[in-house]
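Chemist: Structure file input11.txt (compact mmCIF, C-alpha atoms and all ligand atoms) is given on the next line.
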```txt
# COMPACT_ATOMS: atom_id res chain seq x y z
CA MET A 1 122.98 -25.61 49.80
CA SER A 2 119.57 -25.70 51.53
CA ASP A 3 118.70 -22.70 53.64
CA TYR A 4 118.73 -24.89 56.79
CA VAL A 5 122.31 -25.95 56.01
CA GLN A 6 123.30 -22.29 55.61
CA PHE A 7 121.58 -21.58 58.91
CA ILE A 8 123.47 -24.40 60.63
CA GLU A 9 126.78 -23.01 59.37
CA GLY A 10 125.96 -19.46 60.43
CA ILE A 11 124.90 -20.54 63.93
CA LYS A 12 128.05 -22.61 64.32
CA ARG A 13 130.20 -19.61 63.36
CA LYS A 14 128.35 -17.31 65.73
CA THR A 15 127.79 -19.54 68.79
CA GLY A 16 129.91 -22.68 68.39
CA ILE A 17 126.70 -24.76 68.59
CA ASP A 18 126.46 -27.45 65.91
CA LEU A 19 122.79 -27.93 65.08
CA ALA A 20 123.70 -30.72 62.66
CA LEU A 21 124.15 -32.98 65.72
CA TYR A 22 120.54 -32.49 66.81
CA LYS A 23 117.70 -34.50 65.21
CA GLU A 24 116.79 -32.48 62.15
CA ALA A 25 113.01 -32.80 61.79
CA GLN A 26 112.38 -31.94 65.43
CA MET A 27 114.78 -29.00 65.48
CA LYS A 28 113.49 -27.58 62.18
CA ARG A 29 109.93 -27.74 63.44
CA ARG A 30 110.74 -25.86 66.62
CA LEU A 31 112.79 -23.19 64.86
CA THR A 32 110.37 -22.72 61.96
CA SER A 33 107.54 -21.97 64.35
CA LEU A 34 109.76 -19.36 66.06
CA TYR A 35 110.88 -17.56 62.89
CA GLU A 36 107.35 -17.57 61.46
CA LYS A 37 106.04 -16.06 64.67
CA LYS A 38 108.69 -13.35 64.38
CA GLY A 39 107.75 -12.63 60.76
CA TYR A 40 110.75 -14.09 58.89
CA ARG A 41 110.23 -16.04 55.68
CA ASN A 42 113.03 -18.60 55.83
CA PHE A 43 116.11 -19.74 57.76
CA VAL A 44 118.48 -17.41 55.91
CA ASP A 45 116.44 -14.29 56.74
CA PHE A 46 116.23 -15.52 60.32
CA LEU A 47 120.00 -16.00 60.46
CA HIS A 48 120.67 -12.44 59.25
CA ALA A 49 118.38 -11.10 61.96
CA LEU A 50 120.00 -13.28 64.66
CA GLU A 51 123.42 -11.98 63.69
CA LYS A 52 122.36 -8.45 64.62
CA ASP A 53 119.89 -8.89 67.45
CA ARG A 54 121.12 -10.24 70.81
CA ASP A 55 117.61 -10.60 72.26
CA LEU A 56 116.48 -12.62 69.27
CA LEU A 57 119.57 -14.81 69.60
CA ASN A 58 118.61 -15.47 73.22
CA GLU A 59 115.10 -16.41 72.15
CA PHE A 60 116.53 -18.76 69.56
CA LEU A 61 118.76 -20.38 72.21
CA ASP A 62 115.78 -20.72 74.48
CA ARG A 63 113.78 -22.46 71.76
CA MET A 64 116.51 -24.85 70.64
CA THR A 65 117.38 -25.99 74.15
CA ILE A 66 114.30 -27.48 75.73
CA ASN A 67 114.60 -26.64 79.39
CA VAL A 68 111.74 -28.45 81.10
CA SER A 69 112.83 -30.12 84.29
CA GLU A 70 111.54 -31.00 87.77
CA PHE A 71 112.85 -32.21 91.11
CA TYR A 72 113.09 -36.01 91.52
CA ARG A 73 111.94 -36.48 87.91
CA ASN A 74 110.67 -40.09 87.61
CA GLY A 75 110.62 -40.48 91.38
CA LYS A 76 111.08 -44.27 91.51
CA ARG A 77 114.53 -43.92 89.88
CA TRP A 78 115.58 -41.48 92.60
CA GLU A 79 114.65 -44.09 95.22
CA ILE A 80 117.07 -46.47 93.49
CA LEU A 81 119.71 -43.74 93.49
CA GLN A 82 119.18 -43.17 97.20
CA ASN A 83 118.78 -46.75 98.42
CA LYS A 84 121.05 -48.70 96.10
CA ILE A 85 123.42 -46.61 94.00
CA PHE A 86 124.72 -44.13 96.60
CA PRO A 87 125.31 -46.78 99.30
CA MET A 88 127.27 -48.79 96.72
CA LEU A 89 129.37 -45.82 95.55
CA LEU A 90 130.04 -44.67 99.11
CA GLN A 91 131.59 -48.01 99.99
CA SER A 92 134.75 -47.08 98.11
CA ASN A 93 134.80 -43.32 98.59
CA LYS A 94 133.09 -40.90 101.01
CA ARG A 95 133.62 -37.82 98.83
CA LEU A 96 132.00 -38.55 95.52
CA LYS A 97 132.72 -36.68 92.32
CA ILE A 98 129.31 -36.06 90.79
CA TRP A 99 128.42 -34.39 87.49
CA SER A 100 124.90 -33.36 86.47
CA ALA A 101 125.30 -32.83 82.71
CA ALA A 102 122.62 -30.75 80.92
CA CYS A 103 121.25 -29.66 84.30
CA SER A 104 118.80 -27.05 82.97
CA THR A 105 117.34 -24.83 85.72
CA GLY A 106 118.94 -26.77 88.60
CA GLU A 107 116.21 -29.14 89.77
CA GLU A 108 118.38 -32.17 88.96
CA PRO A 109 121.65 -31.23 90.73
CA TYR A 110 119.75 -29.93 93.77
CA SER A 111 117.81 -33.23 93.90
CA ILE A 112 121.11 -35.13 93.81
CA ALA A 113 122.41 -33.14 96.79
CA MET A 114 119.17 -33.74 98.71
CA VAL A 115 119.29 -37.48 98.06
CA LEU A 116 122.96 -37.78 98.96
CA SER A 117 122.37 -35.84 102.21
CA HIS A 118 120.58 -38.96 103.51
CA HIS A 119 123.98 -40.65 103.61
CA VAL A 120 126.67 -38.04 104.29
CA PRO A 121 126.77 -34.52 105.82
CA LEU A 122 126.17 -31.72 103.31
CA SER A 123 129.72 -30.50 103.94
CA GLN A 124 130.85 -33.61 102.04
CA VAL A 125 128.49 -33.14 99.11
CA GLN A 126 129.74 -31.53 95.91
CA VAL A 127 127.92 -31.58 92.61
CA LEU A 128 129.16 -30.07 89.37
CA ALA A 129 126.20 -28.99 87.23
CA THR A 130 126.60 -27.94 83.60
CA ASP A 131 124.45 -26.80 80.71
CA ILE A 132 125.00 -25.22 77.31
CA ASP A 133 122.51 -22.45 78.07
CA GLU A 134 123.68 -19.56 80.25
CA ASN A 135 120.12 -18.35 80.82
CA VAL A 136 119.09 -21.56 82.57
CA ILE A 137 122.27 -21.49 84.65
CA GLN A 138 121.31 -18.04 85.94
CA LYS A 139 117.86 -19.36 86.89
CA ALA A 140 119.42 -22.42 88.52
CA LYS A 141 121.62 -20.23 90.70
CA LEU A 142 118.56 -18.32 91.85
CA GLY A 143 116.93 -21.57 92.98
CA LEU A 144 113.31 -20.36 92.93
CA TYR A 145 110.63 -22.77 91.68
CA PRO A 146 106.86 -23.03 91.26
CA ASP A 147 104.96 -25.65 93.23
CA ARG A 148 104.55 -27.95 90.20
CA SER A 149 108.34 -28.46 89.95
CA LEU A 150 108.26 -30.04 93.40
CA ALA A 151 105.43 -32.52 92.77
CA GLU A 152 107.68 -35.58 93.25
CA VAL A 153 109.70 -34.27 96.20
CA PRO A 154 109.10 -36.33 99.39
CA ALA A 155 107.30 -34.24 102.05
CA ASP A 156 110.15 -34.44 104.60
CA VAL A 157 112.68 -33.23 102.00
CA LYS A 158 110.37 -30.40 100.97
CA ASN A 159 110.10 -29.22 104.59
CA LYS A 160 113.79 -29.56 105.23
CA TYR A 161 115.35 -27.97 102.15
CA PHE A 162 112.89 -25.38 100.77
CA ASN A 163 111.58 -22.05 102.03
CA LYS A 164 108.20 -20.90 100.79
CA GLU A 165 108.36 -17.45 99.17
CA GLY A 166 104.88 -16.35 98.10
CA GLN A 167 103.75 -18.77 95.42
CA PHE A 168 107.27 -20.14 94.99
CA PHE A 169 109.70 -22.42 96.78
CA LYS A 170 113.31 -21.44 97.29
CA VAL A 171 116.09 -23.98 97.72
CA LYS A 172 117.90 -23.34 101.02
CA ASP A 173 121.46 -22.01 100.91
CA GLU A 174 122.87 -25.14 102.56
CA ILE A 175 121.83 -27.10 99.43
CA LYS A 176 122.78 -24.33 97.00
CA ARG A 177 126.30 -24.26 98.42
CA THR A 178 126.87 -27.87 97.39
CA VAL A 179 126.32 -27.23 93.67
CA THR A 180 128.75 -25.48 91.29
CA PHE A 181 127.29 -24.37 87.96
CA LYS A 182 129.32 -24.04 84.79
CA LYS A 183 128.61 -23.61 81.09
CA HIS A 184 129.49 -26.74 79.09
CA ASN A 185 128.59 -28.01 75.63
CA LEU A 186 128.41 -31.82 75.56
CA LEU A 187 129.05 -31.80 71.80
CA LYS A 188 132.22 -29.73 71.91
CA ASP A 189 133.89 -29.11 75.26
CA ASN A 190 136.30 -31.28 77.26
CA TYR A 191 134.78 -33.73 79.71
CA GLU A 192 135.41 -34.18 83.43
CA THR A 193 137.58 -37.09 84.53
CA ASN A 194 137.44 -39.61 87.37
CA CYS A 195 133.71 -39.18 88.08
CA ASP A 196 131.89 -41.49 90.49
CA LEU A 197 128.47 -40.56 89.13
CA ILE A 198 127.28 -38.81 85.98
CA VAL A 199 123.61 -37.90 85.77
CA CYS A 200 122.62 -37.04 82.20
CA ARG A 201 118.88 -37.18 81.59
CA ASN A 202 116.41 -36.05 78.98
CA VAL A 203 118.86 -34.47 76.59
CA MET A 204 120.18 -37.42 74.56
CA ILE A 205 116.74 -37.73 72.94
CA TYR A 206 117.46 -34.53 70.99
CA PHE A 207 120.76 -35.71 69.48
CA THR A 208 121.52 -37.70 66.32
CA GLU A 209 122.73 -41.31 66.71
CA GLU A 210 126.24 -40.20 65.79
CA ALA A 211 126.28 -37.52 68.47
CA LYS A 212 124.89 -39.91 71.11
CA ASP A 213 127.54 -42.48 70.28
CA GLN A 214 130.29 -39.90 70.80
CA ILE A 215 128.78 -38.67 74.07
CA TYR A 216 128.46 -42.20 75.55
CA HIS A 217 132.11 -42.85 74.66
CA ASN A 218 133.05 -39.60 76.38
CA PHE A 219 130.99 -40.40 79.50
CA SER A 220 132.62 -43.79 79.70
CA LYS A 221 136.06 -42.16 79.68
CA SER A 222 134.89 -39.65 82.31
CA LEU A 223 133.82 -42.31 84.79
CA ARG A 224 136.22 -44.16 87.04
CA SER A 225 135.97 -47.93 86.92
CA GLY A 226 132.85 -48.85 88.95
CA GLY A 227 131.35 -45.36 88.39
CA ILE A 228 127.70 -44.97 87.40
CA LEU A 229 125.86 -43.23 84.54
CA PHE A 230 122.22 -42.38 85.34
CA VAL A 231 120.14 -41.69 82.20
CA GLY A 232 116.58 -40.52 81.50
CA SER A 233 113.57 -42.80 81.55
CA THR A 234 113.27 -43.00 77.75
CA GLU A 235 117.00 -43.22 77.16
CA GLN A 236 118.13 -46.82 77.59
CA ILE A 237 121.48 -47.44 75.96
CA PHE A 238 120.98 -49.89 73.12
CA ASN A 239 124.34 -51.63 73.36
CA PRO A 240 125.97 -50.70 76.69
CA ALA A 241 128.91 -53.10 76.28
CA ARG A 242 130.05 -51.04 73.30
CA TYR A 243 130.93 -48.26 75.77
CA GLY A 244 132.30 -50.52 78.50
CA PHE A 245 129.07 -50.34 80.53
CA GLU A 246 127.11 -53.01 82.39
CA VAL A 247 123.50 -52.58 83.44
CA GLU A 248 123.41 -51.91 87.19
CA ASP A 249 119.66 -51.24 87.33
CA THR A 250 117.05 -49.88 84.93
CA PHE A 251 118.50 -46.59 83.58
CA PHE A 252 121.73 -46.99 85.61
CA TYR A 253 124.95 -48.18 83.92
CA ARG A 254 128.19 -49.18 85.65
CA LYS A 255 131.55 -48.59 83.99
CA LYS A 256 133.52 -51.83 84.03
C1 LIG A 301 114.96 -31.22 78.93
S1 LIG A 301 116.31 -30.46 79.75
C2 LIG A 301 116.80 -31.75 80.87
C3 LIG A 301 117.05 -31.23 82.26
C4 LIG A 301 117.34 -32.31 83.30
N1 LIG A 301 118.53 -33.06 82.97
C5 LIG A 301 116.16 -33.23 83.50
O1 LIG A 301 116.22 -34.39 83.14
O2 LIG A 301 115.14 -32.77 84.03
C6 LIG A 301 117.57 -30.51 78.48
C7 LIG A 301 118.75 -29.57 78.75
O3 LIG A 301 119.81 -29.91 77.87
C8 LIG A 301 120.52 -28.74 77.55
N2 LIG A 301 121.33 -28.96 76.35
C9 LIG A 301 120.92 -29.03 75.05
N3 LIG A 301 121.97 -29.25 74.24
C10 LIG A 301 123.07 -29.32 75.05
C11 LIG A 301 124.46 -29.51 74.80
N4 LIG A 301 124.92 -29.68 73.56
N5 LIG A 301 125.33 -29.53 75.86
C12 LIG A 301 124.85 -29.36 77.13
N6 LIG A 301 123.55 -29.16 77.42
C13 LIG A 301 122.67 -29.14 76.39
C14 LIG A 301 119.43 -27.70 77.40
O4 LIG A 301 119.93 -26.39 77.53
C15 LIG A 301 118.44 -28.11 78.50
O5 LIG A 301 118.66 -27.35 79.67
```
As structure tokens, what does this structure read like?
Ligand SMILES: C[S@@+](CC[C@H](N)C(=O)[O-])C[C@H]1O[C@@H](n2cnc3c(N)ncnc32)[C@H](O)[C@@H]1O
Modeler:
Amino acid sequence: MSDYVQFIEGIKRKTGIDLALYKEAQMKRRLTSLYEKKGYRNFVDFLHALEKDRDLLNEFLDRMTINVSEFYRNGKRWEILQNKIFPMLLQSNKRLKIWSAACSTGEEPYSIAMVLSHHVPLSQVQVLATDIDENVIQKAKLGLYPDRSLAEVPADVKNKYFNKEGQFFKVKDEIKRTVTFKKHNLLKDNYETNCDLIVCRNVMIYFTEEAKDQIYHNFSKSLRSGGILFVGSTEQIFNPARYGFEVEDTFFYRKK
């Protein structure tokens, strides 16, 4: 058994995370640079250390889950969400069930709430936001961001929903209240049901084809008929019909 395979098995036992479902070359590269920096010689030595050292385990989790995010990431897509997708979804239901899956540090679910607030009062906005990584969820709940995370936020939204705190911007409580954060592993845990909108962006790129296939099937089951899946701007679905999806717009899929 190669030492990476032993590592995968050990990590699965310890954390429930199955690294075999992430693209191997990419993952190995990221983890090798971490263990070398820490002075370990191979994956098995690294595993033994991780089993004993909670801080090192956190660093490993941080390295394997790439957490970069920003508000209104790929801004033009968010205009489509605001001007086309939400008006369409709101025709059948004024209280939408929305899931931001792999939400990282919160920029995505907070952006969803801000966009939806153009159409309905915030008291009617509810977004479930999930991620595998508890550390990012803690940061998301804090809601404090550097200027560069807000580069694509329209000026009126920035004025309305953020408070400046020194060099940082804090999301106002009225937006924070609309988002519920929860830990969830897309490769293992049960999925939500009856969703109107699932936003899952910039995480599928890390998974194997087999894992992606399973996740798209799961998302399809999670959506109500007519519900929408919004994916990242490098993540077109190759054969949407296979999952019961039709293309609604670029990077938006409608469940039949
Ligand atoms: C690059 S961020 C994307 C954040 C946001 N969706 C965006 O597009 O800006 C990828 C996120 O996926 C999360 N992630 C990785 N594997 C996951 C899994 N198996 N289940 C849920 N989240 C996962 C990571 O923790 C990380 O926060």
Chemist: Mind dumping a table of every chain A residue within 9 Å of ligand LIG 301 (chain A), with the nearest atom pair and its distance in Å to one decimal, using only C-alpha atoms and all ligand atoms, sorted by chain and rising number, as a Markdown table?
Modeler:
```
| residue | atom | partner | partner_atom | distance |
| --- | --- | --- | --- | --- |
| A:Ile17 | CA | A:LIG301 | N4 | 7.2 |
| A:Asp18 | CA | A:LIG301 | N4 | 8.1 |
| A:Leu19 | CA | A:LIG301 | N4 | 8.9 |
| A:Leu21 | CA | A:LIG301 | N4 | 8.5 |
| A:Tyr22 | CA | A:LIG301 | N3 | 8.2 |
| A:Leu61 | CA | A:LIG301 | O4 | 8.1 |
| A:Asp62 | CA | A:LIG301 | O4 | 7.7 |
| A:Met64 | CA | A:LIG301 | C9 | 7.5 |
| A:Thr65 | CA | A:LIG301 | C14 | 4.2 |
| A:Ile66 | CA | A:LIG301 | C1 | 5.0 |
| A:Asn67 | CA | A:LIG301 | O5 | 4.1 |
| A:Val68 | CA | A:LIG301 | C1 | 4.8 |
| A:Ser69 | CA | A:LIG301 | O2 | 3.5 |
| A:Glu70 | CA | A:LIG301 | O2 | 5.5 |
| A:Phe71 | CA | A:LIG301 | O2 | 7.5 |
| A:Tyr72 | CA | A:LIG301 | O2 | 8.4 |
| A:Arg73 | CA | A:LIG301 | O2 | 6.2 |
| A:Ser100 | CA | A:LIG301 | N1 | 7.3 |
| A:Ala101 | CA | A:LIG301 | C12 | 6.6 |
| A:Ala102 | CA | A:LIG301 | N6 | 4.0 |
| A:Cys103 | CA | A:LIG301 | N1 | 4.6 |
| A:Ser104 | CA | A:LIG301 | O5 | 3.3 |
| A:Thr105 | CA | A:LIG301 | O5 | 6.7 |
| A:Gly106 | CA | A:LIG301 | C4 | 7.8 |
| A:Glu107 | CA | A:LIG301 | O2 | 6.9 |
| A:Glu108 | CA | A:LIG301 | C4 | 5.8 |
| A:Pro109 | CA | A:LIG301 | N1 | 8.6 |
| A:Thr130 | CA | A:LIG301 | C12 | 6.9 |
| A:Asp131 | CA | A:LIG301 | N6 | 4.1 |
| A:Ile132 | CA | A:LIG301 | C12 | 4.1 |
| A:Asp133 | CA | A:LIG301 | O4 | 4.7 |
| A:Glu134 | CA | A:LIG301 | O4 | 8.3 |
| A:Asn135 | CA | A:LIG301 | O4 | 8.7 |
| A:Val136 | CA | A:LIG301 | O5 | 6.5 |
| A:Ile137 | CA | A:LIG301 | O5 | 8.5 |
| A:Lys183 | CA | A:LIG301 | C12 | 7.9 |
| A:His184 | CA | A:LIG301 | C12 | 5.7 |
| A:Asn185 | CA | A:LIG301 | N5 | 3.6 |
| A:Leu186 | CA | A:LIG301 | N5 | 3.8 |
| A:Leu187 | CA | A:LIG301 | N4 | 5.0 |
| A:Lys188 | CA | A:LIG301 | N4 | 7.5 |
| A:Asp189 | CA | A:LIG301 | N5 | 8.6 |
| A:Val199 | CA | A:LIG301 | N1 | 7.6 |
| A:Cys200 | CA | A:LIG301 | N1 | 5.8 |
| A:Arg201 | CA | A:LIG301 | O1 | 4.2 |
| A:Asn202 | CA | A:LIG301 | O1 | 4.5 |
| A:Val203 | CA | A:LIG301 | C6 | 4.6 |
| A:Met204 | CA | A:LIG301 | O3 | 8.2 |
| A:Tyr206 | CA | A:LIG301 | C9 | 7.7 |
| A:Phe207 | CA | A:LIG301 | N3 | 8.1 |
| A:Val231 | CA | A:LIG301 | O1 | 8.3 |
| A:Gly232 | CA | A:LIG301 | O1 | 6.4 |
| A:Ser233 | CA | A:LIG301 | O1 | 9.0 |
```
Chemist: State, in Å with one decimal place, the distance from CA of Gln167 (chain A) to CA of Asp147 (chain A).
Modeler: 7.3 Å
Chemist: Just the number, please: distance in Å from CA of Lys76 (chain A) to CA of Tyr110 (chain A), one decimal.
Modeler: 16.9 Å
Chemist: Measure the distance from CA of Lys94 (chain A) to CA of Phe251 (chain A) in Å and round it to one decimal.
Modeler: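 Calculated distance between CA of Lys94 (chain A) and CA of Phe251 (chain A) is 23.4 Å.
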Chemist: Write out as a list of chain:residue names the residues lying within 10 Å of Tyr4 (chain A), counting all atoms listed in the file and excluding same-chain residues fewer than 5 positions away.
Modeler: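 The contact residues come out as A:Glu9, A:Gly10, A:Leu19, A:Ala20, A:Glu24, A:Lys28, A:Asn42, A:Phe43, A:Val44, A:Leu47.
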Chemist: Pull C-alpha atoms from the residues just selected and write them as a PDB file, in the frame of the given file.
Modeler:
```pdb
ATOM      1  CA  GLU A   9     126.780 -23.010  59.370  1.00  0.00           C
ATOM      2  CA  GLY A  10     125.960 -19.460  60.430  1.00  0.00           C
ATOM      3  CA  LEU A  19     122.790 -27.930  65.080  1.00  0.00           C
ATOM      4  CA  ALA A  20     123.700 -30.720  62.660  1.00  0.00           C
ATOM      5  CA  GLU A  24     116.790 -32.480  62.150  1.00  0.00           C
ATOM      6  CA  LYS A  28     113.490 -27.580  62.180  1.00  0.00           C
ATOM      7  CA  ASN A  42     113.030 -18.600  55.830  1.00  0.00           C
ATOM      8  CA  PHE A  43     116.110 -19.740  57.760  1.00  0.00           C
ATOM      9  CA  VAL A  44     118.480 -17.410  55.910  1.00  0.00           C
ATOM     10  CA  LEU A  47     120.000 -16.000  60.460  1.00  0.00           C
TER      11      LEU A  47
END
```
Chemist: Residues within 12 Å of Asp156 (chain A), please, as a ChimeraX atom specification. Count only C-alpha atoms; anything in the same chain fewer than 5 positions from it doesn't count.
Modeler: /A:114-115,118,161-162
Chemist: Which residue gives the smallest distance to Gln82 (chain A) among A:Leu34, A:Leu57, A:Cys195, A:Val120, with all atoms listed in the file counted?
Modeler: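 Of all the options, A:Val120 lies closest to Gln82 (chain A).
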Chemist: Find the residues around Tyr253 (chain A) up to 6 Å (all atoms listed in the file counted), leave out those fewer than 2 positions away in its own chain, and share them as a list of chain:residue names.
Modeler: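 Residues near the query, excluding close chain neighbours: A:Ile228, A:Leu229, A:Phe245, A:Glu246, A:Val247, A:Glu248.
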Chemist: Nearest residue to Lys212 (chain A) out of A:Tyr191, A:Phe238, A:Phe230, A:Phe7, using all atoms listed in the file?
Modeler: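 Of A:Tyr191, A:Phe238, A:Phe230, A:Phe7, the one nearest Lys212 (chain A), counting all atoms listed in the file, is A:Phe238.
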Chemist: Report, as AutoDock Vina command-line options, the centre and edge lengths in Å (one decimal) of the axis-aligned box enclosing every listed atom of region 23-29 of chain A, padded by 6 Å on each side.
Modeler:
```
--center_x 113.8 --center_y -31.0 --center_z 63.6 --size_x 19.8 --size_y 18.9 --size_z 15.7
```
Chemist: Smallest atom-to-atom distance to Asp196 (chain A): which of A:Arg95, A:Arg30, A:Lys38, A:Lys256, using only C-alpha atoms?
Modeler: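 Among the listed residues, the smallest separation from Asp196 (chain A) belongs to A:Arg95.
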Chemist: Which one is closest to Lys176 (chain A): A:Ser222, A:Leu122, A:Tyr216, A:Ala151? Count all atoms listed in the file.
Modeler: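 Going through A:Ser222, A:Leu122, A:Tyr216, A:Ala151 one by one, the smallest distance to Lys176 (chain A) is for A:Leu122.
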Chemist: Dump C-alpha atoms of region 5-67 of chain A from the given block, as a PDB file, in the first residue's frame.
Modeler:
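For reference, result_22.pdb as written:
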```pdb
ATOM      1  CA  VAL A   5      -3.175   5.354   0.557  1.00  0.00           C
ATOM      2  CA  GLN A   6      -2.294   4.681   4.204  1.00  0.00           C
ATOM      3  CA  PHE A   7      -2.650   8.394   4.869  1.00  0.00           C
ATOM      4  CA  ILE A   8      -6.075   8.474   3.204  1.00  0.00           C
ATOM      5  CA  GLU A   9      -7.253   5.586   5.383  1.00  0.00           C
ATOM      6  CA  GLY A  10      -5.923   7.145   8.573  1.00  0.00           C
ATOM      7  CA  ILE A  11      -7.543  10.516   7.836  1.00  0.00           C
ATOM      8  CA  LYS A  12     -10.844   8.827   7.057  1.00  0.00           C
ATOM      9  CA  ARG A  13     -10.736   6.971  10.389  1.00  0.00           C
ATOM     10  CA  LYS A  14      -9.878  10.115  12.311  1.00  0.00           C
ATOM     11  CA  THR A  15     -12.045  12.766  10.607  1.00  0.00           C
ATOM     12  CA  GLY A  16     -14.548  10.984   8.346  1.00  0.00           C
ATOM     13  CA  ILE A  17     -13.102  12.918   5.377  1.00  0.00           C
ATOM     14  CA  ASP A  18     -12.410  10.740   2.335  1.00  0.00           C
ATOM     15  CA  LEU A  19      -9.434  12.231   0.502  1.00  0.00           C
ATOM     16  CA  ALA A  20      -9.777   9.569  -2.200  1.00  0.00           C
ATOM     17  CA  LEU A  21     -12.695  11.619  -3.592  1.00  0.00           C
ATOM     18  CA  TYR A  22     -10.494  14.669  -4.160  1.00  0.00           C
ATOM     19  CA  LYS A  23      -8.264  14.946  -7.262  1.00  0.00           C
ATOM     20  CA  GLU A  24      -5.097  13.150  -6.250  1.00  0.00           C
ATOM     21  CA  ALA A  25      -2.249  15.081  -7.887  1.00  0.00           C
ATOM     22  CA  GLN A  26      -3.543  18.434  -6.654  1.00  0.00           C
ATOM     23  CA  MET A  27      -4.213  17.227  -3.117  1.00  0.00           C
ATOM     24  CA  LYS A  28      -0.861  15.438  -2.826  1.00  0.00           C
ATOM     25  CA  ARG A  29       0.974  18.552  -3.953  1.00  0.00           C
ATOM     26  CA  ARG A  30      -0.725  20.743  -1.378  1.00  0.00           C
ATOM     27  CA  LEU A  31      -0.226  18.279   1.468  1.00  0.00           C
ATOM     28  CA  THR A  32       3.380  17.415   0.566  1.00  0.00           C
ATOM     29  CA  SER A  33       4.369  21.057   0.738  1.00  0.00           C
ATOM     30  CA  LEU A  34       2.750  21.273   4.197  1.00  0.00           C
ATOM     31  CA  TYR A  35       4.419  18.182   5.673  1.00  0.00           C
ATOM     32  CA  GLU A  36       7.806  19.126   4.228  1.00  0.00           C
ATOM     33  CA  LYS A  37       7.503  22.577   5.745  1.00  0.00           C
ATOM     34  CA  LYS A  38       6.747  20.938   9.094  1.00  0.00           C
ATOM     35  CA  GLY A  39       9.773  18.638   8.801  1.00  0.00           C
ATOM     36  CA  TYR A  40       8.092  15.269   8.130  1.00  0.00           C
ATOM     37  CA  ARG A  41       9.565  12.877   5.586  1.00  0.00           C
ATOM     38  CA  ASN A  42       6.472  11.178   4.190  1.00  0.00           C
ATOM     39  CA  PHE A  43       2.691  10.828   4.517  1.00  0.00           C
ATOM     40  CA  VAL A  44       2.893   8.080   7.142  1.00  0.00           C
ATOM     41  CA  ASP A  45       5.085  10.150   9.487  1.00  0.00           C
ATOM     42  CA  PHE A  46       2.737  13.068   8.918  1.00  0.00           C
ATOM     43  CA  LEU A  47      -0.280  10.916   9.767  1.00  0.00           C
ATOM     44  CA  HIS A  48       1.255   9.773  13.068  1.00  0.00           C
ATOM     45  CA  ALA A  49       1.896  13.391  14.013  1.00  0.00           C
ATOM     46  CA  LEU A  50      -1.643  14.455  13.030  1.00  0.00           C
ATOM     47  CA  GLU A  51      -3.106  11.731  15.213  1.00  0.00           C
ATOM     48  CA  LYS A  52      -1.530  13.330  18.285  1.00  0.00           C
ATOM     49  CA  ASP A  53      -1.503  17.034  17.546  1.00  0.00           C
ATOM     50  CA  ARG A  54      -4.824  18.915  17.309  1.00  0.00           C
ATOM     51  CA  ASP A  55      -3.217  22.142  16.053  1.00  0.00           C
ATOM     52  CA  LEU A  56      -1.449  20.284  13.265  1.00  0.00           C
ATOM     53  CA  LEU A  57      -4.718  18.581  12.350  1.00  0.00           C
ATOM     54  CA  ASN A  58      -6.329  22.017  12.054  1.00  0.00           C
ATOM     55  CA  GLU A  59      -3.504  23.183   9.813  1.00  0.00           C
ATOM     56  CA  PHE A  60      -3.966  20.110   7.660  1.00  0.00           C
ATOM     57  CA  LEU A  61      -7.716  20.812   7.386  1.00  0.00           C
ATOM     58  CA  ASP A  62      -6.954  24.376   6.476  1.00  0.00           C
ATOM     59  CA  ARG A  63      -4.599  23.276   3.707  1.00  0.00           C
ATOM     60  CA  MET A  64      -6.850  20.607   2.212  1.00  0.00           C
ATOM     61  CA  THR A  65      -9.919  22.838   2.081  1.00  0.00           C
ATOM     62  CA  ILE A  66      -9.126  25.836  -0.058  1.00  0.00           C
ATOM     63  CA  ASN A  67     -11.120  28.650   1.473  1.00  0.00           C
TER      64      ASN A  67
END
```
